[in-house]
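Everything below concerns the one structure shown next.
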Amino acid sequence: MFQQYERVTKHYVLDVTHNETGLEKTSAPAINLVPRGNNDENCRFSFEALRPNVFRTTFTTSQHPLPPHPSAKRPEPAFGSVKPEISLDTDSSSQIIKLGHVKAVVNWSNSPVVSLFFDNQLKPIHRDLDFRSYALDGSGVAHYTAYKTNSLHVGLGEKAAPMDLSGRGFSITASDTFGYDAYRTDPLYKHIPLLINVTPEGCVGIFSTSHSRGIWAVGSEIDGMWGHFKVYRQAHGGLEEYLIVGKTVADVVRSYAELVGFPLLVPRYMMGYVGGGMKYSMEDSPRACDSILNFIRNCEVHGMPCSAFQMSSGYTVGETEPKTRNVFTWNRHRFPDPREFTRECHKHGVRLLANVKPYVLANHPAYSDLSRSGAFLKDPNTKGTAVARLWSAGGGESGEGSHLDFTSNAGYKWWYDGVKALKEVGIDAMWNDNNEYNTPSDDWQCALETIDVPPGETRKHIGLWGRALHTELVGKSSHDATVEAEPEVRPFVLTRSATAGTMRYCASSWSGDNVTSWEGMKGANALALNAGFSLLQCYGHDIGGFEGPQPTPELLVRWIQLGIHSPRFAINCYKTNNNDNLIGEVIEPWQYPSVEPVVREAIKRRYELVPYTYSLMLKSHREAIPSQRWTGWGYESDPTVWTKELFKGDTQYWFGDSLLVAGVYEPGVSSARVYLPDKSGNDQGFLNLSAPYQFLEAGKWHEISSTWHSSIPVLARIGSAVPTGKTKPTTCVAEDDAEFPGMEKDDYRGVEIFPPPVAQFPHWPDGDEHSTPVGGHAGTEWFHNTWLEDDGIGPAEKADTCKISIAYGVSDGGILVKVELEKEGQFEPLWLKNGVTVVLPVGEERAVESKDGKDKTPQDLGRDQRGRRIWKVGVEVRDSKDEK
C-alpha cells in the first residue's frame, strides 16, 4: 500500500450496452457509465438504489474485478411504499434519484461524483471529491470523498481510542497485536471497512465488501489543492461499496445489519462470569485438568459464581519435545480423560470454550498428511505448501508451520472434523483464536474449492481474495460443525479476529491481548463503542489485562466494576515475564483478601443483572442495537453530545436504555465527572445507584463521589426499569439436565424501577415516553418499559421469546404498577408463577399499588438487604397469537 500508481478515469458517458439511456432494466433505479473513447481496460462505474436509504456503487475494470467473495451479497431491490422518482439530464451529465426523504445526485461531467441529500438540505450529507472521486491505483482502487471537519466518524470494527476516528489514518487488515497500546496501535484484530460519519443533520455509512487489505485515511491527509478529504484505498481488485443513509446512527447500523446479517444470539450462560488464564491449561503438576477444576471449586469457596471457562491452548501442547501447540490434539498427561474432565466441569455448572488456532506447526503429527492433501495455502515461488513463522510455545516463541486454506476441501474438512471431535468429548463452544491470517505475501495461492468463483476468474492469490476471507471461513467451519454436533443447542463461537461476514457465524468477540494499565482500561471503552457500531455487539475485554504486570487491588476492583456493566465479562490472561515465558501468572478475583468482599459483590451484581444484559442481547439480535452505546445514541438532540469530550468515548457510555455508566481511570481518585444527557431539553434526570443515592439533573455535568471500595458511577435514568434475577447462575429450562445436575432454576424475577423523587412534582416535562392511560389518577405520570426473555439455550430460530412490559404510574401519593407478559410461543418463564418483585430505589417510601384495583393489591415484602422497599406484583399473561 506504500506504492501509488493512481489514475483517475474521466469523461464518462452512459453505457448504452444496457439500454439506450444507460439505466439498468431492473426494478432498481440504476445508472451505468463507461469512459468516452478508448476503454481498453473495460472500465465501468455503476450506481444503484437498493433501499430508500441504501445505495450500491461499483468501480471496476477487466483487471480490477468486483470482490470475488464479498462479505455481503447484493440484496434484491425493495422500496416498500416509497416510489422512486428519477430525472436524467444528459446535457449536464447528471441524474437525480429521489427516494422518499433521500435524494441522490450522480454527476459524470468529469469523474463520477455522487452526492446524497436529505429533504430540504442545501448541503449534501455525503459527496465524492471532485475530479478525484474514483481512481485506479496499481492492482487496486481508491475512493475519495469530501471530509467534514469537526464531525464524528465511527466504526471500522475495532480501532485504538479515542472513539472518534476523525483526523486519523488506519490500516484495514488484522494483526496479532499482543500487548498493544489501546490509544496508539494500528491495526488491531478486526478487518471491517465500515466507516460512519455521524452528524446532527444525518449520518452516512460507507461499507466496502472486499476482504483485500486497505487503508482508510479519515481526514488525516490534507492537500492545499484538494482540501479536506478522506480516502479508502484498496490493495487489490475493484470497488463494491454500499452507501447507507440515516437520520441517526441507529438507522445506519440497522440498515447495515440488514445487509450483512444481524448479530447472532448468544447463549444466556455467556452473560455470567467467564473465567480463564493460560497457566491453568499449561500445568503439568498439578495436572491442568485438576488446576481448572480447582479454580472452579475456589470460585464456589469464595462465593464468586462462574458460568464458563476459556480453556487456553495448553491442552494441545505436545507431551514430548518440542512441546509446541498442536491444534485438535490432547496432552494426555494434563488431560488423561477429556470426557471425564468436561463432565466434572459441567457438574459444577461451568461450560467450556476450547481454544483453537487455524494454523499447523511443522512438527504437528498431521502436518505431512495435510500438506500432501492440499490443506494449506500455497507458495507460487516454491510450488508447494506456504511456510511461515508461527507462534509455537511460550510468549514470543515461534516455529515454522502453515496456515490452513479454508477454500480447500482438505483444510476445511479437517477443521470441521476437529471441531466435531471436541464437541463429542463435551466441549461446549469454540474459541477461534490467532485467526488474523497476517500472512507475509499477497501472492500465496488459495485452492478455491469450497467457495463460488466468479465466471472467468482464474486468479487465486490471497491478495485479491483477501487474507480476511479465511477468518470468515474458519468461523463458518466452527459454527457449522458445532450445529451438526449439537443441533438442538444454540451454537456459540468466540472469535478474536473478525470481518463483516465472520459475525454471521461467530456470536461474540473481544479486544484481544490487552495490557494491564489504567490507560488501557479507559481506552477499551472506546474500542467497545466502535465495535458496537460495527455489529460486534457481544464484546468485551480481558478484565485486569491479558499481558503486563498484575493489576493493583485498586485497578482490579475498578476494572471489575466497569466490566460487569458490559456485554461480556471475562477475566483471562497470560502474564509472562523474564523468568517465566511459558506458563505465566493468572488473575484470580479473590487474589487480594483486602478487596475480596468488593469483588464478590460486584460479580454477584453481574449475575443479578443477567435478565437485563441478556434482554439487551436479544434486542441486539433482533434490532442491531448494541448494549454498550455512545452517550449520544438516541440523544442526538442534546448539543453537548456533539462535543469533543464526549466524542472520545473513553470515560462513559450507555449500558442499555436504563443505565449510564462511567469509570474512574486514575489511582487514588474517588470521584468522576459525568455528563447526563437530556433528550427533550427537560428530561427528568437520573438517580445515583450508589451512596449518597442522590437525584441528578439531566443536561449537566456532575462530579460524582465514587470511592473504589463502593462503586463507579452507575446512574439510572428516571422512568426506566432494570429486570433482575438471582445472584448466581440459573437455568430457564424446567427439566433437569443430567449433564448439568442441580442447576439453580430461574424462578425469581425482580425489576428495579426508578420513579421521579417526590420533590420533582408537579413539574413534569413533555415527552413521547409518557402517557396518562384511561382511568389513570389525576396527576399520575406513567412510564413504560419492556424486556425480552427466552430459554437461553435453544437454537435462535427455534427459541420462543416472550416480552414483559411494566408500566408504572407515579404521583406524590403512591406508585401504580402493572406487569404484562406476552408469549410468542410455548416458552413460559419459570418465575412467572411467583410474580415479579418490584424494587424501589433507596430512600423511596411511596407505596406500590396495582393499576387494576384492590383485588390485585401488591404484597409488601418489606425491605431487601440494601434497605430498598420491595413489593410482590402479579403478572397478566397474554398470547400474541390470540391477538392476531
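In the C-alpha cells, the first chain shown is A, the next is B, and so on; residue numbers restart at 1 for each chain, and ligands run from 1 in the order shown.
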Skipping near chain neighbours, those fewer than 4 positions away, what residues fall within 12 Å of Gln865 of chain A using only C-alpha atoms, listed as a VMD selection string?
chain A and resid 839 842 861 869 to 870
Need the shell around Ile712 of chain A: protein/DNA/RNA residues with any atom at most 10 Å away, counting only C-alpha atoms. Skip same-chain ones fewer than 4 positions apart. Format as a compact mmCIF listing (two decimals) with C-alpha atoms, in the first residue's frame?
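So selection.txt came out as:
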# COMPACT_ATOMS: atom_id res chain seq x y z
CA VAL A 557 -11.61 -3.51 41.53
CA ARG A 558 -12.19 -0.55 39.18
CA TRP A 559 -11.89 -2.79 36.11
CA ILE A 560 -14.31 -5.37 37.51
CA GLN A 561 -16.78 -2.65 38.49
CA LEU A 562 -16.66 -1.42 34.90
CA VAL A 661 -22.03 4.04 33.30
CA ALA A 662 -18.80 5.91 33.93
CA GLY A 663 -15.48 4.82 35.34
CA VAL A 664 -12.60 6.06 37.44
CA SER A 670 -12.53 9.00 44.45
CA SER A 671 -14.87 10.87 42.13
CA ALA A 672 -15.74 11.03 38.44
CA LEU A 689 -27.38 3.79 42.38
CA SER A 690 -24.62 4.19 44.98
CA ILE A 704 -19.96 12.07 41.44
CA SER A 705 -18.42 10.55 44.53
CA SER A 706 -17.02 7.12 43.63
CA THR A 707 -14.82 5.60 46.30
CA TRP A 708 -13.16 2.48 44.98
As number ranges by chain, please: the residues near segment 729-736 of chain A (cut-off 10 Å, only C-alpha atoms, same-chain neighbours under 4 positions excluded).
A: 268-269, 271-273, 305-307, 349-350, 604, 607-608, 610, 725, 740-748, 789-794, 827-831
What does the distance between atom CA of Ala447 of chain A and atom CA of Trp415 of chain A come to in Å, to one decimal place?
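Those two atoms sit 15.6 Å apart.
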Give me, as a tab-separated table, each residue of segment 422-527 of chain A that comes within 8 Å of segment 181-184 of chain A, together with its shortest interatomic pair and the distance in Å at one decimal, counting only C-alpha atoms, with rows ordered by chain and rising residue number.
residue	atom	partner	partner_atom	distance
A:Asn514	CA	A:Ala182	CA	7.5
A:Val515	CA	A:Asp181	CA	7.4
A:Glu519	CA	A:Ala182	CA	7.5
A:Gly520	CA	A:Ala182	CA	5.4
A:Gly523	CA	A:Ala182	CA	5.4
A:Ala524	CA	A:Ala182	CA	6.5
